[in-house]
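Q: File follows, upload36.txt with compact mmCIF, C-alpha atoms:
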# COMPACT_ATOMS: atom_id res chain seq x y z
CA MET A 1 -39.28 -12.65 34.53
CA PRO A 2 -36.59 -12.97 31.83
CA ARG A 3 -34.24 -10.08 31.16
CA PRO A 4 -34.68 -8.15 27.90
CA LEU A 5 -32.59 -9.37 24.98
CA SER A 6 -30.86 -5.98 24.76
CA THR A 7 -29.61 -6.37 28.35
CA GLU A 8 -28.20 -9.81 27.58
CA VAL A 9 -26.48 -8.56 24.41
CA LEU A 10 -24.85 -5.71 26.33
CA GLU A 11 -23.70 -8.11 29.06
CA LEU A 12 -22.25 -10.45 26.44
CA ASP A 13 -20.45 -7.51 24.83
CA LYS A 14 -18.93 -6.51 28.18
CA SER A 15 -17.94 -10.11 28.94
CA ILE A 16 -16.10 -10.48 25.63
CA TYR A 17 -14.37 -7.15 26.30
CA ARG A 18 -13.21 -8.38 29.72
CA GLY A 19 -12.08 -11.67 28.16
CA VAL A 20 -9.89 -9.86 25.63
CA ALA A 21 -8.51 -7.67 28.41
CA SER A 22 -7.59 -10.69 30.53
CA ALA A 23 -5.84 -12.64 27.76
CA PRO A 24 -2.05 -12.42 28.23
CA THR A 25 -0.65 -11.22 24.89
CA PRO A 26 2.57 -9.33 25.63
CA SER A 27 4.09 -10.10 22.22
CA LEU A 28 1.03 -8.66 20.44
CA ASP A 29 0.31 -5.65 22.63
CA GLU A 30 2.81 -3.22 21.11
CA GLY A 31 1.84 -4.09 17.54
CA PHE A 32 -1.87 -3.60 18.13
CA ARG A 33 -1.22 -0.40 20.07
CA ARG A 34 0.84 1.02 17.20
CA LEU A 35 -1.66 -0.09 14.57
CA SER A 36 -4.48 1.56 16.48
CA ARG A 37 -2.53 4.82 16.70
CA VAL A 38 -1.52 4.89 13.02
CA ALA A 39 -5.20 4.50 12.11
CA ASP A 40 -6.09 7.66 14.07
CA ASN A 41 -7.65 10.26 11.78
CA SER A 42 -7.43 7.68 8.96
CA VAL A 43 -3.72 8.43 8.49
CA LEU A 44 -3.10 4.78 7.55
CA TRP A 45 -5.84 4.86 4.92
CA PHE A 46 -4.87 8.22 3.44
CA GLY A 47 -1.27 7.00 3.18
CA THR A 48 -2.46 3.83 1.47
CA ALA A 49 -4.61 5.89 -0.91
CA GLY A 50 -1.59 8.06 -1.74
CA ALA A 51 0.53 5.00 -2.54
CA LEU A 52 -2.24 3.53 -4.69
CA ALA A 53 -2.67 6.81 -6.59
CA LEU A 54 1.07 7.17 -7.18
CA PHE A 55 2.02 3.60 -8.03
CA GLY A 56 -1.19 1.80 -8.97
CA GLY A 57 -1.87 3.26 -12.41
CA ARG A 58 -5.39 4.06 -13.50
CA ARG A 59 -6.95 1.29 -11.38
CA GLY A 60 -4.97 2.45 -8.34
CA ARG A 61 -6.11 6.05 -8.77
CA ARG A 62 -9.72 4.92 -8.98
CA ALA A 63 -9.29 2.68 -5.93
CA ALA A 64 -7.71 5.57 -4.01
CA LEU A 65 -10.54 7.96 -4.90
CA ASN A 66 -13.17 5.36 -4.00
CA GLY A 67 -11.44 4.82 -0.67
CA VAL A 68 -11.08 8.48 0.23
CA VAL A 69 -14.73 9.20 -0.62
CA ALA A 70 -15.72 6.18 1.50
CA ILE A 71 -13.72 7.50 4.47
CA GLY A 72 -15.50 10.84 4.22
CA LEU A 73 -18.92 9.22 4.06
CA ALA A 74 -18.21 6.76 6.87
CA SER A 75 -16.62 9.29 9.16
CA SER A 76 -19.40 11.82 8.77
CA SER A 77 -22.19 9.27 9.17
CA VAL A 78 -20.62 7.80 12.33
CA ASN A 79 -19.42 10.99 13.99
CA LEU A 80 -22.30 13.27 13.02
CA GLY A 81 -25.08 10.69 13.15
CA PHE A 82 -24.71 7.38 14.93
CA LYS A 83 -22.49 8.48 17.82
CA TYR A 84 -24.76 11.44 18.48
CA MET A 85 -27.83 9.21 18.66
CA ALA A 86 -26.34 6.29 20.62
CA ARG A 87 -24.33 8.07 23.32
CA ARG A 88 -22.71 4.89 24.71
CA ASN A 89 -19.98 5.54 27.26
CA ARG A 90 -16.46 4.29 26.61
CA PRO A 91 -15.37 1.12 28.41
CA ASP A 92 -13.77 1.37 31.83
CA ARG A 93 -10.26 0.03 31.15
CA GLU A 94 -9.31 0.14 34.81
CA ASP A 95 -12.31 -1.93 35.89
CA ALA A 96 -11.61 -4.50 33.15
CA ALA A 97 -7.88 -4.50 34.00
CA VAL A 98 -6.73 -3.79 30.43
CA PRO A 99 -2.91 -3.97 30.68
CA GLY A 100 -1.28 -0.55 30.60
CA ASP A 101 1.08 -1.59 27.79
CA ARG A 102 -1.95 -1.76 25.50
CA HIS A 103 -3.31 1.70 26.24
CA VAL A 104 -3.78 4.36 23.61
CA PRO A 105 -5.33 7.72 24.47
CA MET A 106 -8.99 7.30 25.32
CA PRO A 107 -11.04 9.23 22.74
CA GLU A 108 -13.41 11.90 24.04
CA SER A 109 -16.22 10.87 21.69
CA THR A 110 -18.84 8.32 22.60
CA SER A 111 -18.09 4.65 22.05
CA PHE A 112 -20.81 3.37 19.72
CA PRO A 113 -20.09 2.69 16.91
CA SER A 114 -16.35 2.54 16.29
CA GLY A 115 -15.31 5.24 13.84
CA HIS A 116 -11.94 3.55 13.27
CA SER A 117 -13.73 0.35 12.25
CA ALA A 118 -16.22 2.17 10.04
CA SER A 119 -13.48 4.06 8.20
CA ALA A 120 -11.30 0.96 7.87
CA PHE A 121 -14.03 -1.22 6.41
CA ALA A 122 -15.42 1.58 4.23
CA PHE A 123 -11.96 2.15 2.77
CA SER A 124 -11.25 -1.54 2.17
CA GLU A 125 -14.66 -2.21 0.63
CA ALA A 126 -14.42 0.79 -1.70
CA VAL A 127 -10.83 0.00 -2.72
CA SER A 128 -11.81 -3.61 -3.42
CA SER A 129 -14.48 -2.53 -5.89
CA ALA A 130 -11.80 -1.01 -8.14
CA SER A 131 -8.95 -3.39 -7.34
CA PRO A 132 -9.97 -6.76 -5.85
CA THR A 133 -6.35 -7.90 -5.61
CA ILE A 134 -5.30 -4.92 -3.50
CA GLY A 135 -8.53 -5.25 -1.55
CA VAL A 136 -7.48 -8.55 0.02
CA PRO A 137 -4.53 -7.27 2.10
CA VAL A 138 -6.35 -4.00 2.81
CA ARG A 139 -9.29 -5.98 4.25
CA VAL A 140 -6.93 -7.97 6.47
CA VAL A 141 -5.40 -4.77 7.81
CA SER A 142 -8.91 -3.31 8.30
CA ALA A 143 -9.89 -6.28 10.44
CA ALA A 144 -6.70 -5.90 12.48
CA VAL A 145 -7.40 -2.19 13.02
CA ALA A 146 -10.93 -2.97 14.16
CA TYR A 147 -9.72 -5.62 16.60
CA SER A 148 -6.98 -3.28 17.87
CA ARG A 149 -9.65 -0.94 19.19
CA VAL A 150 -10.92 -3.68 21.54
CA HIS A 151 -7.40 -4.88 22.36
CA THR A 152 -6.33 -1.39 23.43
CA GLY A 153 -9.47 -1.06 25.55
CA VAL A 154 -11.17 1.91 23.86
CA HIS A 155 -14.14 0.03 22.37
CA TYR A 156 -16.46 -2.83 23.18
CA PRO A 157 -16.59 -5.60 20.53
CA GLY A 158 -20.14 -4.60 19.59
CA ASP A 159 -18.96 -1.07 18.78
CA VAL A 160 -16.44 -2.53 16.36
CA VAL A 161 -18.87 -4.97 14.72
CA VAL A 162 -21.47 -2.29 14.08
CA GLY A 163 -18.78 0.13 12.88
CA ALA A 164 -17.54 -2.50 10.43
CA LEU A 165 -21.08 -3.12 9.14
CA ILE A 166 -21.62 0.60 8.61
CA GLY A 167 -18.24 0.81 6.89
CA MET A 168 -18.98 -2.08 4.53
CA THR A 169 -22.30 -0.51 3.58
CA VAL A 170 -20.71 2.87 2.93
CA GLY A 171 -17.90 1.18 1.02
CA GLU A 172 -20.49 -0.24 -1.36
CA ILE A 173 -22.07 3.18 -1.88
CA ALA A 174 -18.87 5.23 -2.31
CA PRO A 175 -17.92 3.90 -5.79
CA ARG A 176 -21.37 4.92 -7.04
CA VAL A 177 -20.79 8.42 -5.67
CA VAL A 178 -17.43 8.49 -7.45
CA ASP A 179 -19.14 7.36 -10.69
CA LEU A 180 -21.43 10.38 -10.43
CA LEU A 181 -18.49 12.68 -9.75
CA VAL A 182 -16.59 11.31 -12.76
CA LYS A 183 -19.62 11.87 -15.01
CA ARG A 184 -20.21 15.42 -13.79
CA SER A 185 -16.70 16.77 -13.30
CA SER A 186 -13.93 16.93 -15.86
CA VAL A 187 -11.43 17.53 -13.04
CA VAL A 188 -12.39 14.25 -11.30
CA ARG A 189 -12.44 12.46 -14.65
CA ARG A 190 -8.84 13.56 -15.30
CA LEU A 191 -7.78 12.45 -11.82
CA VAL A 192 -8.79 8.86 -12.43
CA SER A 193 -7.77 8.66 -16.10
In structure tokens, what does this structure look like?
A:
Amino acid sequence: MPRPLSTEVLELDKSIYRGVASAPTPSLDEGFRRLSRVADNSVLWFGTAGALALFGGRRGRRAALNGVVAIGLASSSVNLGFKYMARRNRPDREDAAVPGDRHVPMPESTSFPSGHSASAFAFSEAVSSASPTIGVPVRVVSAAVAYSRVHTGVHYPGDVVVGALIGMTVGEIAPRVVDLLVKRSSVVRRLVS
């Protein structure tokens, strides 16, 4: 009797995780470890939003607001919704032999989906709607942050892919939320003017 598709997908996910863990990448390990840490609590994205708001003119302020709203929506939907429902355990770094030089602190939350990936892709998608030019490098960094979560051993690849998909969806919605806020609040309207 054939195994269920879900079992095969989970096995594939674990195999890819083990493959990443076994790839010798000493010159990349420190960079991905640092990138993963700077993305904790969306510090990287809030810093980017601050720079956009300060130096990007009207378009930069709008991009920053879109991005910050997207982070809030993505973070709450992942951490208060999806993670609560899925309850997937974190990977076993020791069993997969993830090199110690890659390690970041193992989060206490469940693994599925990746909140870092959701926030990264939500931010980049929302920023891109207001400033496509700035969106290009921000998307590249978002992809690197998402990958760093697998590289450091705290997420399976599937966690990251689903987190990114959630983030992209939220990033499409966030600018519409900001539009409503701009229409209804003179304070918000002044912020982006």
Q: Pick from A:Lys183, A:Arg62, A:Arg37, A:Lys14: nearest to Arg102 of chain A, with only C-alpha atoms counted?
A: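 Going through A:Lys183, A:Arg62, A:Arg37, A:Lys14 one by one, the smallest distance to Arg102 of chain A is for A:Arg37.
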Q: Can you work out which one of A:Ser124, A:Ser109, A:Asn66, A:Ser148 has the shortest atom-to-atom distance to Arg87 of chain A, counting only C-alpha atoms?
A: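 Closest to Arg87 of chain A, using only C-alpha atoms: A:Ser109.
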Q: Using only C-alpha atoms, which residues sit within 8 Å of Arg18 of chain A once same-chain residues fewer than 4 positions away are excluded, as a compact mmCIF listing (two decimals) with C-alpha atoms, in the coordinates of the input?
A:
# COMPACT_ATOMS: atom_id res chain seq x y z
CA LYS A 14 -18.93 -6.51 28.18
CA SER A 22 -7.59 -10.69 30.53
CA ALA A 96 -11.61 -4.50 33.15
CA ALA A 97 -7.88 -4.50 34.00
CA VAL A 98 -6.73 -3.79 30.43
Q: Go through A:Phe46, A:Ser114, A:Arg33, A:Pro26 one by one, measure the shortest atom-to-atom distance of each to His155 of chain A using all atoms listed in the file, and give the residue with the smallest value.
A: A:Ser114
Q: In Å, rounded to a single decimal, give me how far atom CA of Trp45 of chain A is from atom CA of Val127 of chain A.
A: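 Separating atom CA of Val127 of chain A from atom CA of Trp45 of chain A is a distance of 10.3 Å.
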Q: Counting only C-alpha atoms, figure out which residue out of A:Val192, A:Val145, A:Ile166, A:Val160 gets nearest to Gly31 of chain A.
A: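 Comparing A:Val192, A:Val145, A:Ile166, A:Val160 against Gly31 of chain A, the winner is A:Val145.
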Q: State, in Å with one decimal place, the distance from atom CA of Val150 of chain A to atom CA of Ala64 of chain A.
A: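 So the two atoms, atom CA of Val150 of chain A and atom CA of Ala64 of chain A, lie 27.4 Å apart.
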Q: Of the candidates A:Thr7, A:Ser27, A:Ser193, A:Ser129, which one gets nearest to Gly57 of chain A if we count only C-alpha atoms?
A: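 Counting only C-alpha atoms, the residue closest to Gly57 of chain A is A:Ser193.
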Q: So, counting only C-alpha atoms, which residue among A:Arg139, A:Arg90, A:Val43, A:Asp179 is closest to Tyr17 of chain A?
A: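 So, comparing all the options, the nearest one is A:Arg90.
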Q: Please list as a ChimeraX atom specification every residue within 7 Å of segment 169-178 of chain A, counting all atoms listed in the file and excluding residues in the same chain fewer than 3 positions away.
A: /A:66,69-70,73-74,122-123,125-126,165-166,181-182
Q: With N, CA, C and O atoms as the goal, would you fill in the gaps in segment 15-31 of chain A and present it as a JSON list (two decimals), in the frame of the given file?
A:
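Generated file (rebuild.json):
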[["chain", "number", "residue", "atom", "x", "y", "z"],
["A", 15, "SER", "N", -18.68, -8.90, 28.58],
["A", 15, "SER", "CA", -17.94, -10.11, 28.94],
["A", 15, "SER", "C", -16.83, -10.42, 27.93],
["A", 15, "SER", "O", -15.72, -10.81, 28.32],
["A", 16, "ILE", "N", -17.14, -10.25, 26.66],
["A", 16, "ILE", "CA", -16.10, -10.48, 25.63],
["A", 16, "ILE", "C", -14.99, -9.44, 25.79],
["A", 16, "ILE", "O", -13.80, -9.78, 25.71],
["A", 17, "TYR", "N", -15.36, -8.21, 26.07],
["A", 17, "TYR", "CA", -14.37, -7.15, 26.30],
["A", 17, "TYR", "C", -13.44, -7.53, 27.45],
["A", 17, "TYR", "O", -12.21, -7.43, 27.33],
["A", 18, "ARG", "N", -14.02, -7.98, 28.56],
["A", 18, "ARG", "CA", -13.21, -8.38, 29.72],
["A", 18, "ARG", "C", -12.34, -9.59, 29.39],
["A", 18, "ARG", "O", -11.21, -9.71, 29.86],
["A", 19, "GLY", "N", -12.87, -10.52, 28.56],
["A", 19, "GLY", "CA", -12.08, -11.67, 28.16],
["A", 19, "GLY", "C", -10.86, -11.29, 27.34],
["A", 19, "GLY", "O", -9.77, -11.82, 27.54],
["A", 20, "VAL", "N", -11.03, -10.35, 26.41],
["A", 20, "VAL", "CA", -9.89, -9.86, 25.63],
["A", 20, "VAL", "C", -8.89, -9.18, 26.56],
["A", 20, "VAL", "O", -7.67, -9.40, 26.45],
["A", 21, "ALA", "N", -9.39, -8.38, 27.48],
["A", 21, "ALA", "CA", -8.51, -7.67, 28.41],
["A", 21, "ALA", "C", -7.69, -8.63, 29.27],
["A", 21, "ALA", "O", -6.52, -8.38, 29.57],
["A", 22, "SER", "N", -8.27, -9.76, 29.62],
["A", 22, "SER", "CA", -7.59, -10.69, 30.53],
["A", 22, "SER", "C", -6.65, -11.66, 29.81],
["A", 22, "SER", "O", -5.87, -12.35, 30.47],
["A", 23, "ALA", "N", -6.71, -11.71, 28.50],
["A", 23, "ALA", "CA", -5.84, -12.64, 27.76],
["A", 23, "ALA", "C", -4.41, -12.10, 27.75],
["A", 23, "ALA", "O", -4.17, -10.97, 27.31],
["A", 24, "PRO", "N", -3.44, -12.89, 28.22],
["A", 24, "PRO", "CA", -2.05, -12.42, 28.23],
["A", 24, "PRO", "C", -1.45, -12.48, 26.82],
["A", 24, "PRO", "O", -1.28, -13.55, 26.25],
["A", 25, "THR", "N", -1.17, -11.31, 26.26],
["A", 25, "THR", "CA", -0.65, -11.22, 24.89],
["A", 25, "THR", "C", 0.50, -10.22, 24.80],
["A", 25, "THR", "O", 0.49, -9.32, 23.95],
["A", 26, "PRO", "N", 1.52, -10.35, 25.63],
["A", 26, "PRO", "CA", 2.57, -9.33, 25.63],
["A", 26, "PRO", "C", 3.30, -9.17, 24.29],
["A", 26, "PRO", "O", 3.72, -8.07, 23.95],
["A", 27, "SER", "N", 3.40, -10.23, 23.51],
["A", 27, "SER", "CA", 4.09, -10.10, 22.22],
["A", 27, "SER", "C", 3.23, -9.42, 21.16],
["A", 27, "SER", "O", 3.74, -8.96, 20.14],
["A", 28, "LEU", "N", 1.93, -9.32, 21.38],
["A", 28, "LEU", "CA", 1.03, -8.66, 20.44],
["A", 28, "LEU", "C", 0.66, -7.23, 20.84],
["A", 28, "LEU", "O", 0.26, -6.44, 19.99],
["A", 29, "ASP", "N", 0.81, -6.92, 22.11],
["A", 29, "ASP", "CA", 0.31, -5.65, 22.63],
["A", 29, "ASP", "C", 0.89, -4.43, 21.91],
["A", 29, "ASP", "O", 0.15, -3.54, 21.51],
["A", 30, "GLU", "N", 2.18, -4.38, 21.74],
["A", 30, "GLU", "CA", 2.81, -3.22, 21.11],
["A", 30, "GLU", "C", 2.36, -3.06, 19.66],
["A", 30, "GLU", "O", 2.09, -1.96, 19.20],
["A", 31, "GLY", "N", 2.27, -4.16, 18.93],
["A", 31, "GLY", "CA", 1.84, -4.09, 17.54],
["A", 31, "GLY", "C", 0.42, -3.58, 17.39],
["A", 31, "GLY", "O", 0.15, -2.72, 16.54]]
